[in-house]
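K.L.:
Okay, so here is work.pdb, and as you'll see once you scroll down, it has PDB, C-alpha atoms, pLDDT in the B column.
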ATOM      1  CA  MET T  25     -11.950 -35.631  18.547  1.00 52.00           C
ATOM      2  CA  LYS T  26     -13.223 -38.477  20.726  1.00 66.00           C
ATOM      3  CA  ARG T  27     -16.104 -37.792  23.052  1.00 80.00           C
ATOM      4  CA  ARG T  28     -14.967 -37.267  26.627  1.00 86.00           C
ATOM      5  CA  ILE T  29     -16.300 -39.456  29.415  1.00 90.00           C
ATOM      6  CA  GLU T  30     -19.007 -37.623  31.335  1.00 91.00           C
ATOM      7  CA  LEU T  31     -18.869 -37.708  35.134  1.00 90.00           C
ATOM      8  CA  PRO T  32     -21.710 -36.501  37.366  1.00 90.00           C
ATOM      9  CA  GLY T  33     -21.183 -33.188  39.105  1.00 86.00           C
ATOM     10  CA  TYR T  34     -22.050 -33.479  42.763  1.00 85.00           C
ATOM     11  CA  ILE T  35     -20.958 -30.204  44.349  1.00 90.00           C
ATOM     12  CA  THR T  36     -23.502 -27.442  44.975  1.00 90.00           C
ATOM     13  CA  PRO T  37     -23.410 -24.338  47.193  1.00 91.00           C
ATOM     14  CA  TYR T  38     -25.255 -26.390  49.821  1.00 91.00           C
ATOM     15  CA  ASN T  39     -23.013 -29.442  50.009  1.00 93.00           C
ATOM     16  CA  GLN T  40     -19.630 -27.923  49.139  1.00 94.00           C
ATOM     17  CA  ILE T  41     -18.368 -27.944  52.729  1.00 94.00           C
ATOM     18  CA  PRO T  42     -19.693 -31.405  53.753  1.00 95.00           C
ATOM     19  CA  LEU T  43     -18.346 -33.027  50.571  1.00 94.00           C
ATOM     20  CA  GLY T  44     -15.003 -31.307  51.033  1.00 94.00           C
ATOM     21  CA  LEU T  45     -14.744 -32.522  54.619  1.00 95.00           C
ATOM     22  CA  LEU T  46     -15.708 -36.036  53.527  1.00 95.00           C
ATOM     23  CA  MET T  47     -13.115 -36.062  50.744  1.00 95.00           C
ATOM     24  CA  TYR T  48     -10.288 -34.738  52.921  1.00 95.00           C
ATOM     25  CA  GLY T  49     -11.286 -37.016  55.804  1.00 94.00           C
ATOM     26  CA  LEU T  50     -11.370 -40.240  53.783  1.00 95.00           C
ATOM     27  CA  THR T  51      -8.131 -39.487  51.951  1.00 94.00           C
ATOM     28  CA  SER T  52      -6.423 -38.634  55.259  1.00 94.00           C
ATOM     29  CA  ILE T  53      -7.418 -42.021  56.670  1.00 96.00           C
ATOM     30  CA  LEU T  54      -6.039 -43.711  53.554  1.00 96.00           C
ATOM     31  CA  TYR T  55      -2.781 -41.774  53.859  1.00 96.00           C
ATOM     32  CA  LEU T  56      -2.314 -42.518  57.565  1.00 95.00           C
ATOM     33  CA  ALA T  57      -3.028 -46.214  57.036  1.00 96.00           C
ATOM     34  CA  THR T  58      -0.230 -46.520  54.467  1.00 97.00           C
ATOM     35  CA  ASN T  59       1.976 -44.207  56.514  1.00 97.00           C
ATOM     36  CA  TRP T  60       1.967 -46.354  59.650  1.00 96.00           C
ATOM     37  CA  TYR T  61       1.152 -49.903  58.536  1.00 95.00           C
ATOM     38  CA  HIS T  62       3.484 -51.589  56.066  1.00 94.00           C
ATOM     39  CA  VAL T  63       3.218 -54.994  54.439  1.00 93.00           C
ATOM     40  CA  PHE T  64       6.589 -54.462  52.773  1.00 95.00           C
ATOM     41  CA  PRO T  65       9.583 -52.875  54.551  1.00 96.00           C
ATOM     42  CA  PRO T  66      10.104 -49.184  53.654  1.00 97.00           C
ATOM     43  CA  VAL T  67      13.286 -48.507  51.694  1.00 98.00           C
ATOM     44  CA  LEU T  68      15.626 -45.522  51.718  1.00 98.00           C
ATOM     45  CA  LEU T  69      16.219 -43.626  48.486  1.00 98.00           C
ATOM     46  CA  PRO T  70      19.667 -42.372  47.434  1.00 97.00           C
ATOM     47  CA  MET T  71      20.479 -38.897  48.751  1.00 97.00           C
ATOM     48  CA  SER T  72      21.589 -36.564  45.972  1.00 98.00           C
ATOM     49  CA  SER T  73      24.308 -33.989  46.564  1.00 98.00           C
ATOM     50  CA  LEU T  74      21.608 -31.310  46.664  1.00 98.00           C
ATOM     51  CA  ASP T  75      19.616 -33.282  49.241  1.00 98.00           C
ATOM     52  CA  LEU T  76      22.734 -33.404  51.398  1.00 98.00           C
ATOM     53  CA  ALA T  77      23.424 -29.694  50.890  1.00 98.00           C
ATOM     54  CA  ILE T  78      19.969 -28.536  51.993  1.00 98.00           C
ATOM     55  CA  PRO T  79      20.016 -27.891  55.758  1.00 98.00           C
ATOM     56  CA  LEU T  80      17.315 -28.558  58.303  1.00 98.00           C
ATOM     57  CA  VAL T  81      15.538 -25.224  58.902  1.00 98.00           C
ATOM     58  CA  PRO T  82      13.136 -25.810  61.808  1.00 97.00           C
ATOM     59  CA  GLY T  83      11.175 -22.577  61.350  1.00 97.00           C
ATOM     60  CA  THR T  84       9.918 -23.704  57.954  1.00 98.00           C
ATOM     61  CA  ILE T  85       7.704 -26.239  59.709  1.00 98.00           C
ATOM     62  CA  PHE T  86       5.017 -23.539  59.687  1.00 98.00           C
ATOM     63  CA  PHE T  87       5.185 -23.258  55.887  1.00 98.00           C
ATOM     64  CA  TYR T  88       4.951 -27.045  55.757  1.00 98.00           C
ATOM     65  CA  LEU T  89       1.830 -27.186  57.917  1.00 98.00           C
ATOM     66  CA  SER T  90       0.213 -24.245  56.114  1.00 98.00           C
ATOM     67  CA  GLU T  91      -0.808 -26.879  53.553  1.00 97.00           C
ATOM     68  CA  TYR T  92      -4.027 -27.381  55.483  1.00 96.00           C
ATOM     69  CA  PHE T  93      -4.928 -23.696  55.265  1.00 98.00           C
ATOM     70  CA  LEU T  94      -4.105 -23.768  51.550  1.00 98.00           C
ATOM     71  CA  PHE T  95      -6.606 -26.615  51.135  1.00 97.00           C
ATOM     72  CA  LEU T  96      -9.229 -24.738  53.140  1.00 96.00           C
ATOM     73  CA  PHE T  97      -8.965 -21.403  51.346  1.00 97.00           C
ATOM     74  CA  GLY T  98      -8.346 -22.904  47.912  1.00 97.00           C
ATOM     75  CA  TYR T  99     -11.447 -25.062  48.171  1.00 97.00           C
ATOM     76  CA  VAL T 100     -13.813 -22.618  49.870  1.00 96.00           C
ATOM     77  CA  LEU T 101     -12.934 -19.584  47.737  1.00 96.00           C
ATOM     78  CA  CYS T 102     -13.557 -21.420  44.460  1.00 95.00           C
ATOM     79  CA  ARG T 103     -17.151 -20.695  43.429  1.00 91.00           C
ATOM     80  CA  ASP T 104     -17.122 -22.575  40.127  1.00 93.00           C
ATOM     81  CA  PHE T 105     -18.824 -25.796  41.154  1.00 92.00           C
ATOM     82  CA  THR T 106     -18.058 -27.560  37.884  1.00 92.00           C
ATOM     83  CA  ILE T 107     -14.338 -27.044  38.472  1.00 94.00           C
ATOM     84  CA  LEU T 108     -14.794 -28.119  42.093  1.00 94.00           C
ATOM     85  CA  GLY T 109     -16.569 -31.240  40.872  1.00 93.00           C
ATOM     86  CA  ARG T 110     -13.579 -32.141  38.759  1.00 95.00           C
ATOM     87  CA  TYR T 111     -11.285 -31.411  41.735  1.00 96.00           C
ATOM     88  CA  LEU T 112     -13.285 -33.909  43.801  1.00 94.00           C
ATOM     89  CA  TYR T 113     -12.406 -36.593  41.256  1.00 96.00           C
ATOM     90  CA  THR T 114      -8.801 -35.588  40.575  1.00 97.00           C
ATOM     91  CA  PHE T 115      -7.865 -35.166  44.242  1.00 97.00           C
ATOM     92  CA  SER T 116      -9.405 -38.495  45.238  1.00 96.00           C
ATOM     93  CA  PHE T 117      -7.878 -40.317  42.256  1.00 97.00           C
ATOM     94  CA  MET T 118      -4.440 -38.901  43.010  1.00 98.00           C
ATOM     95  CA  GLN T 119      -4.650 -39.979  46.642  1.00 97.00           C
ATOM     96  CA  VAL T 120      -5.637 -43.531  45.684  1.00 97.00           C
ATOM     97  CA  ILE T 121      -2.838 -43.831  43.102  1.00 98.00           C
ATOM     98  CA  SER T 122      -0.246 -42.421  45.524  1.00 98.00           C
ATOM     99  CA  CYS T 123      -1.314 -44.629  48.423  1.00 98.00           C
ATOM    100  CA  THR T 124      -1.254 -47.667  46.136  1.00 97.00           C
ATOM    101  CA  ILE T 125       2.376 -46.810  45.380  1.00 97.00           C
ATOM    102  CA  PHE T 126       3.046 -46.374  49.115  1.00 98.00           C
ATOM    103  CA  PHE T 127       1.550 -49.810  49.779  1.00 97.00           C
ATOM    104  CA  PHE T 128       3.547 -51.739  47.193  1.00 97.00           C
ATOM    105  CA  TRP T 129       6.721 -49.610  47.250  1.00 97.00           C
ATOM    106  CA  PRO T 130       7.018 -47.862  50.624  1.00 97.00           C
ATOM    107  CA  THR T 131       9.865 -45.372  50.847  1.00 98.00           C
ATOM    108  CA  THR T 132      11.226 -43.639  53.920  1.00 98.00           C
ATOM    109  CA  PHE T 133      13.493 -40.727  54.835  1.00 98.00           C
ATOM    110  CA  PRO T 134      16.406 -40.924  57.338  1.00 98.00           C
ATOM    111  CA  ARG T 135      15.056 -38.303  59.729  1.00 97.00           C
ATOM    112  CA  GLU T 136      17.256 -39.675  62.496  1.00 96.00           C
ATOM    113  CA  ASN T 137      20.185 -38.047  60.676  1.00 97.00           C
ATOM    114  CA  TYR T 138      18.601 -34.640  61.301  1.00 97.00           C
ATOM    115  CA  PRO T 139      17.957 -34.216  65.045  1.00 97.00           C
ATOM    116  CA  LEU T 140      16.156 -31.071  66.111  1.00 97.00           C
ATOM    117  CA  PRO T 141      18.473 -28.392  67.559  1.00 96.00           C
ATOM    118  CA  ALA T 142      18.177 -27.907  71.304  1.00 93.00           C
ATOM    119  CA  ASP T 143      18.186 -24.098  71.068  1.00 94.00           C
ATOM    120  CA  MET T 144      15.193 -23.637  68.773  1.00 94.00           C
ATOM    121  CA  HIS T 145      12.088 -21.790  69.942  1.00 96.00           C
ATOM    122  CA  TRP T 146       9.868 -23.869  72.219  1.00 96.00           C
ATOM    123  CA  LEU T 147       6.825 -23.468  69.949  1.00 98.00           C
ATOM    124  CA  THR T 148       8.764 -24.596  66.891  1.00 98.00           C
ATOM    125  CA  GLY T 149      10.050 -27.576  68.843  1.00 97.00           C
ATOM    126  CA  ALA T 150       6.601 -28.519  70.098  1.00 98.00           C
ATOM    127  CA  VAL T 151       5.090 -28.346  66.621  1.00 98.00           C
ATOM    128  CA  PHE T 152       7.984 -30.239  65.039  1.00 97.00           C
ATOM    129  CA  ASN T 153       7.887 -32.986  67.657  1.00 97.00           C
ATOM    130  CA  TRP T 154       4.133 -33.298  67.195  1.00 97.00           C
ATOM    131  CA  LEU T 155       4.596 -33.714  63.438  1.00 97.00           C
ATOM    132  CA  ARG T 156       7.283 -36.349  63.805  1.00 97.00           C
ATOM    133  CA  SER T 157       5.194 -38.271  66.325  1.00 96.00           C
ATOM    134  CA  THR T 158       2.062 -38.336  64.153  1.00 96.00           C
ATOM    135  CA  ASP T 159       3.584 -38.611  60.663  1.00 96.00           C
ATOM    136  CA  SER T 160       6.107 -41.400  60.177  1.00 96.00           C
ATOM    137  CA  PRO T 161       9.019 -40.809  57.748  1.00 96.00           C
ATOM    138  CA  ALA T 162       7.391 -43.192  55.239  1.00 96.00           C
ATOM    139  CA  ASN T 163       5.197 -42.310  52.217  1.00 97.00           C
ATOM    140  CA  CYS T 164       7.985 -40.321  50.614  1.00 98.00           C
ATOM    141  CA  CYS T 165       7.729 -40.792  46.859  1.00 98.00           C
ATOM    142  CA  PRO T 166       5.679 -39.248  45.387  1.00 98.00           C
ATOM    143  CA  SER T 167       5.178 -36.423  47.862  1.00 98.00           C
ATOM    144  CA  LEU T 168       1.439 -36.129  48.470  1.00 97.00           C
ATOM    145  CA  HIS T 169       2.157 -32.919  50.339  1.00 97.00           C
ATOM    146  CA  VAL T 170       3.510 -31.425  47.119  1.00 98.00           C
ATOM    147  CA  SER T 171       1.086 -32.953  44.622  1.00 98.00           C
ATOM    148  CA  SER T 172      -1.944 -31.986  46.723  1.00 98.00           C
ATOM    149  CA  VAL T 173      -1.060 -28.300  47.100  1.00 98.00           C
ATOM    150  CA  TYR T 174      -0.265 -27.882  43.403  1.00 99.00           C
ATOM    151  CA  LEU T 175      -3.456 -29.667  42.375  1.00 98.00           C
ATOM    152  CA  THR T 176      -5.400 -27.297  44.641  1.00 98.00           C
ATOM    153  CA  ALA T 177      -3.669 -24.278  43.091  1.00 98.00           C
ATOM    154  CA  LEU T 178      -4.733 -25.537  39.653  1.00 97.00           C
ATOM    155  CA  LEU T 179      -8.352 -24.864  40.651  1.00 96.00           C
ATOM    156  CA  TYR T 180      -7.676 -21.301  39.505  1.00 97.00           C
ATOM    157  CA  ALA T 181      -5.613 -22.018  36.373  1.00 95.00           C
ATOM    158  CA  ARG T 182      -8.374 -21.185  33.890  1.00 88.00           C
ATOM    159  CA  LYS T 183      -9.855 -18.192  35.660  1.00 86.00           C
ATOM    160  CA  ARG T 184      -8.847 -15.648  38.310  1.00 88.00           C
ATOM    161  CA  LYS T 185      -5.190 -15.512  37.295  1.00 92.00           C
ATOM    162  CA  GLY T 186      -4.290 -13.435  40.335  1.00 95.00           C
ATOM    163  CA  MET T 187      -5.594 -16.153  42.636  1.00 97.00           C
ATOM    164  CA  PHE T 188      -3.773 -18.764  40.576  1.00 97.00           C
ATOM    165  CA  ALA T 189      -0.461 -16.915  40.971  1.00 98.00           C
ATOM    166  CA  PHE T 190      -1.056 -16.520  44.711  1.00 98.00           C
ATOM    167  CA  PHE T 191      -1.830 -20.185  45.305  1.00 98.00           C
ATOM    168  CA  MET T 192       1.024 -21.345  43.060  1.00 98.00           C
ATOM    169  CA  PHE T 193       3.438 -19.188  45.076  1.00 98.00           C
ATOM    170  CA  TRP T 194       2.030 -20.586  48.311  1.00 98.00           C
ATOM    171  CA  ALA T 195       2.237 -24.146  46.975  1.00 99.00           C
ATOM    172  CA  THR T 196       5.878 -23.570  46.039  1.00 99.00           C
ATOM    173  CA  LEU T 197       6.687 -22.417  49.578  1.00 99.00           C
ATOM    174  CA  VAL T 198       5.069 -25.585  50.896  1.00 99.00           C
ATOM    175  CA  ALA T 199       6.994 -27.725  48.400  1.00 99.00           C
ATOM    176  CA  LEU T 200      10.328 -26.158  49.368  1.00 99.00           C
ATOM    177  CA  SER T 201       9.518 -26.610  53.052  1.00 99.00           C
ATOM    178  CA  THR T 202       9.252 -30.377  52.553  1.00 99.00           C
ATOM    179  CA  LEU T 203      13.006 -30.261  51.871  1.00 99.00           C
ATOM    180  CA  THR T 204      14.028 -27.874  54.650  1.00 99.00           C
ATOM    181  CA  THR T 205      12.007 -29.823  57.237  1.00 98.00           C
ATOM    182  CA  LYS T 206      13.711 -33.021  56.037  1.00 98.00           C
ATOM    183  CA  GLN T 207      10.439 -34.732  55.286  1.00 98.00           C
ATOM    184  CA  HIS T 208      11.223 -35.516  51.652  1.00 98.00           C
ATOM    185  CA  TYR T 209      13.892 -36.068  49.027  1.00 99.00           C
ATOM    186  CA  ILE T 210      14.127 -33.772  46.004  1.00 98.00           C
ATOM    187  CA  ILE T 211      12.929 -36.588  43.747  1.00 99.00           C
ATOM    188  CA  ASP T 212       9.733 -36.801  45.835  1.00 99.00           C
ATOM    189  CA  VAL T 213       9.007 -33.151  45.089  1.00 99.00           C
ATOM    190  CA  VAL T 214       9.692 -33.517  41.367  1.00 98.00           C
ATOM    191  CA  VAL T 215       7.490 -36.602  41.058  1.00 98.00           C
ATOM    192  CA  GLY T 216       4.775 -34.945  43.163  1.00 98.00           C
ATOM    193  CA  ILE T 217       4.622 -31.919  40.859  1.00 98.00           C
ATOM    194  CA  GLY T 218       4.560 -34.191  37.826  1.00 98.00           C
ATOM    195  CA  MET T 219       1.731 -36.231  39.310  1.00 98.00           C
ATOM    196  CA  ALA T 220      -0.402 -33.140  39.989  1.00 98.00           C
ATOM    197  CA  LEU T 221       0.116 -31.800  36.464  1.00 98.00           C
ATOM    198  CA  GLY T 222      -0.354 -35.204  34.848  1.00 98.00           C
ATOM    199  CA  ILE T 223      -3.570 -36.132  36.643  1.00 98.00           C
ATOM    200  CA  ASN T 224      -5.008 -32.656  36.117  1.00 97.00           C
ATOM    201  CA  ARG T 225      -4.259 -32.982  32.397  1.00 96.00           C
ATOM    202  CA  LEU T 226      -5.650 -36.516  32.253  1.00 96.00           C
ATOM    203  CA  PHE T 227      -9.025 -35.425  33.583  1.00 95.00           C
ATOM    204  CA  SER T 228      -9.056 -32.323  31.357  1.00 92.00           C
ATOM    205  CA  VAL T 229      -8.531 -34.369  28.188  1.00 93.00           C
ATOM    206  CA  PHE T 230     -10.579 -37.501  28.835  1.00 93.00           C
ATOM    207  CA  PHE T 231     -13.342 -36.450  31.223  1.00 92.00           C
ATOM    208  CA  THR T 232     -15.984 -33.757  31.543  1.00 91.00           C
ATOM    209  CA  ILE T 233     -18.327 -32.890  34.395  1.00 89.00           C
ATOM    210  CA  ARG T 234     -22.043 -33.264  33.688  1.00 82.00           C
ATOM    211  CA  PRO T 235     -23.966 -30.069  34.546  1.00 71.00           C
ATOM    212  CA  ARG T 236     -26.378 -30.390  37.425  1.00 65.00           C
ATOM    213  CA  ALA T 237     -30.113 -30.209  36.751  1.00 57.00           C
ATOM    214  CA  HIS T 238     -30.543 -26.552  37.665  1.00 47.00           C
ATOM    215  CA  GLU T 239     -27.559 -25.619  35.468  1.00 50.00           C
ATOM    216  CA  ARG T 240     -29.119 -27.411  32.486  1.00 50.00           C
ATOM    217  CA  ARG T 241     -32.375 -25.519  33.032  1.00 47.00           C
ATOM    218  CA  THR T 242     -30.440 -22.258  33.160  1.00 44.00           C
ATOM    219  CA  THR T 243     -28.794 -23.068  29.830  1.00 42.00           C
ATOM    220  CA  GLN T 244     -32.123 -23.972  28.215  1.00 46.00           C
ATOM    221  CA  ASN T 245     -33.587 -20.654  29.362  1.00 47.00           C
ATOM    222  CA  GLY T 246     -30.862 -18.798  27.507  1.00 45.00           C
ATOM    223  CA  ASN T 247     -28.822 -17.609  30.455  1.00 47.00           C
ATOM    224  CA  THR T 248     -25.114 -18.117  31.066  1.00 43.00           C
ATOM    225  CA  SER T 249     -24.151 -21.654  30.128  1.00 41.00           C
ATOM    226  CA  PRO T 250     -22.383 -23.837  32.645  1.00 42.00           C
ATOM    227  CA  GLN T 251     -18.719 -24.512  32.185  1.00 43.00           C
ATOM    228  CA  THR T 252     -17.439 -28.008  31.721  1.00 42.00           C
ATOM    229  CA  SER T 253     -14.034 -28.924  32.924  1.00 45.00           C
TER     230      SER T 253
END
Would you kindly transcribe this structure into structure tokens?

P.N.:
Amino acid sequence: MKRRIELPGYITPYNQIPLGLLMYGLTSILYLATNWYHVFPPVLLPMSSLDLAIPLVPGTIFFYLSEYFLFLFGYVLCRDFTILGRYLYTFSFMQVISCTIFFFWPTTFPRENYPLPADMHWLTGAVFNWLRSTDSPANCCPSLHVSSVYLTALLYARKRKGMFAFFMFWATLVALSTLTTKQHYIIDVVVGIGMALGINRLFSVFFTIRPRAHERRTTQNGNTSPQTS
């Protein structure tokens, strides 16, 4: 078997939060730049019969926005810093690849065909209007909303199976809400899931995270060896 490419592991208990904030902050700027500024005109994708059959369900906006809490808890609760180090690379790589696609092939969703009902709860309306004013209908395919939540759930795929099941269930609720909030086409969701699985597999097969100095000393002293991912 070929030797895997070794990447430095940066995350420690002391910098986990600052590095996480930096990663999410920089990737958010990249997303918003491609979301609002287009060199090429965004194109509509064909609506499948299932896309047309799925109704707008305003209340699911809260599932949709729970993505940010999923990121927070998924990242903070993971105490395996080697796995978190790999997540730093996979998440950033996936954002760059997706935003490159958005730049050269911008896609958009016909949200104007789904006006918000006048009789919905005021809070739901306020949140929905805020979302539509800050997030343009572009950057559809692949769905970064979907790929990001599934990639975060995969933090727990190798250990803590209960947590993995919980975050996968949560990620699935978020993915379904992208359809019922009329933010995405079904194909966006499918491609987003495939991207999360594919990039996670790519880094598992071809890359490994180099143990940090204190982990190497621990191994040399005969204690629990660090895990590579």

K.L.:
Using the chain letters and numbering of this document, enumerate as a list of chain:residue names the residues selected by the PyMOL selection byres ((chain T and resi 216) around 9).

P.N.:
T:Cys165, T:Pro166, T:Ser167, T:Leu168, T:His169, T:Val170, T:Ser171, T:Ser172, T:Tyr174, T:Ile211, T:Asp212, T:Val213, T:Val214, T:Val215, T:Ile217, T:Gly218, T:Met219, T:Ala220, T:Leu221

K.L.:
Show which residues sit within 8 Å of stretch 125-140 of chain T, as an MDAnalysis selection string. Count only C-alpha atoms, and ignore same-chain residues fewer than 3 positions away.

P.N.:
chainID T and resid 58:59 62:69 80 82 121:122 144 149 161:165 206:209

K.L.:
Using only C-alpha atoms, please write the residues we just selected to a file, as a CSV table (one decimal), keeping the file's coordinate frame.

P.N.:
chain,number,residue,atom,x,y,z
T,58,THR,CA,-0.2,-46.5,54.5
T,59,ASN,CA,2.0,-44.2,56.5
T,62,HIS,CA,3.5,-51.6,56.1
T,63,VAL,CA,3.2,-55.0,54.4
T,64,PHE,CA,6.6,-54.5,52.8
T,65,PRO,CA,9.6,-52.9,54.6
T,66,PRO,CA,10.1,-49.2,53.7
T,67,VAL,CA,13.3,-48.5,51.7
T,68,LEU,CA,15.6,-45.5,51.7
T,69,LEU,CA,16.2,-43.6,48.5
T,80,LEU,CA,17.3,-28.6,58.3
T,82,PRO,CA,13.1,-25.8,61.8
T,121,ILE,CA,-2.8,-43.8,43.1
T,122,SER,CA,-0.2,-42.4,45.5
T,144,MET,CA,15.2,-23.6,68.8
T,149,GLY,CA,10.0,-27.6,68.8
T,161,PRO,CA,9.0,-40.8,57.7
T,162,ALA,CA,7.4,-43.2,55.2
T,163,ASN,CA,5.2,-42.3,52.2
T,164,CYS,CA,8.0,-40.3,50.6
T,165,CYS,CA,7.7,-40.8,46.9
T,206,LYS,CA,13.7,-33.0,56.0
T,207,GLN,CA,10.4,-34.7,55.3
T,208,HIS,CA,11.2,-35.5,51.7
T,209,TYR,CA,13.9,-36.1,49.0

K.L.:
Name every residue that the PyMOL selection byres ((chain T and resi 85) around 9) selects in this structure, writing the answer as an NGL selection string with chains first and numbers rising.

P.N.:
:T and (81-84 or 86-90 or 148 or 151-152 or 155 or 201-202 or 204-205)

K.L.:
Go through the shown structure with the PyMOL selection byres ((chain T and resi 104) around 12) and write out the matching residues as a PyMOL selection string.

P.N.:
chain T and resi 33+35-37+40+98-103+105-111+179-180+182-184+233+235+239+250-253

K.L.:
Identify which of the residues T:Pro70, T:Thr158, T:Ile29, T:Ala57 lies closest to T:Thr124, counting only C-alpha atoms when measuring atom-to-atom distances.

P.N.:
T:Ala57

K.L.:
With only C-alpha atoms as the atoms that count, which of T:Cys123, T:Leu203, T:Met192, T:Leu226 lies nearest to T:Leu56?

P.N.:
T:Cys123

K.L.:
Could you work out how far atom CA of T:Ile78 lies from atom CA of T:His145, giving the answer in Å with one decimal?

P.N.:
20.7 Å

K.L.:
Separation of atom CA of T:Val173 and atom CA of T:Ala195, in Å?

P.N.:
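Computed distance, atom CA of T:Val173 to atom CA of T:Ala195, equals 5.3 Å.
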
K.L.:
I'd like the interatomic distance between atom CA of T:Trp194 and atom CA of T:Leu175, to a tenth of an Å.

P.N.:
12.2 Å

K.L.:
Once 5 Å is added on each side, what are the centre and the three edge lengths, in Å to one decimal, of the axis-aligned box enclosing the listed atoms of stretch 99-105 of chain T? Present them as JSON.

P.N.:
{"center_x": -15.1, "center_y": -22.7, "center_z": 45.0, "size_x": 17.4, "size_y": 16.2, "size_z": 19.7}

K.L.:
Leaving out T:Leu112 and any residue of its chain fewer than 4 positions from it, which residues lie within 8 Å of it when counting all atoms listed in the file, given as an MDAnalysis selection string?

P.N.:
chainID T and resid 44 47 108 116
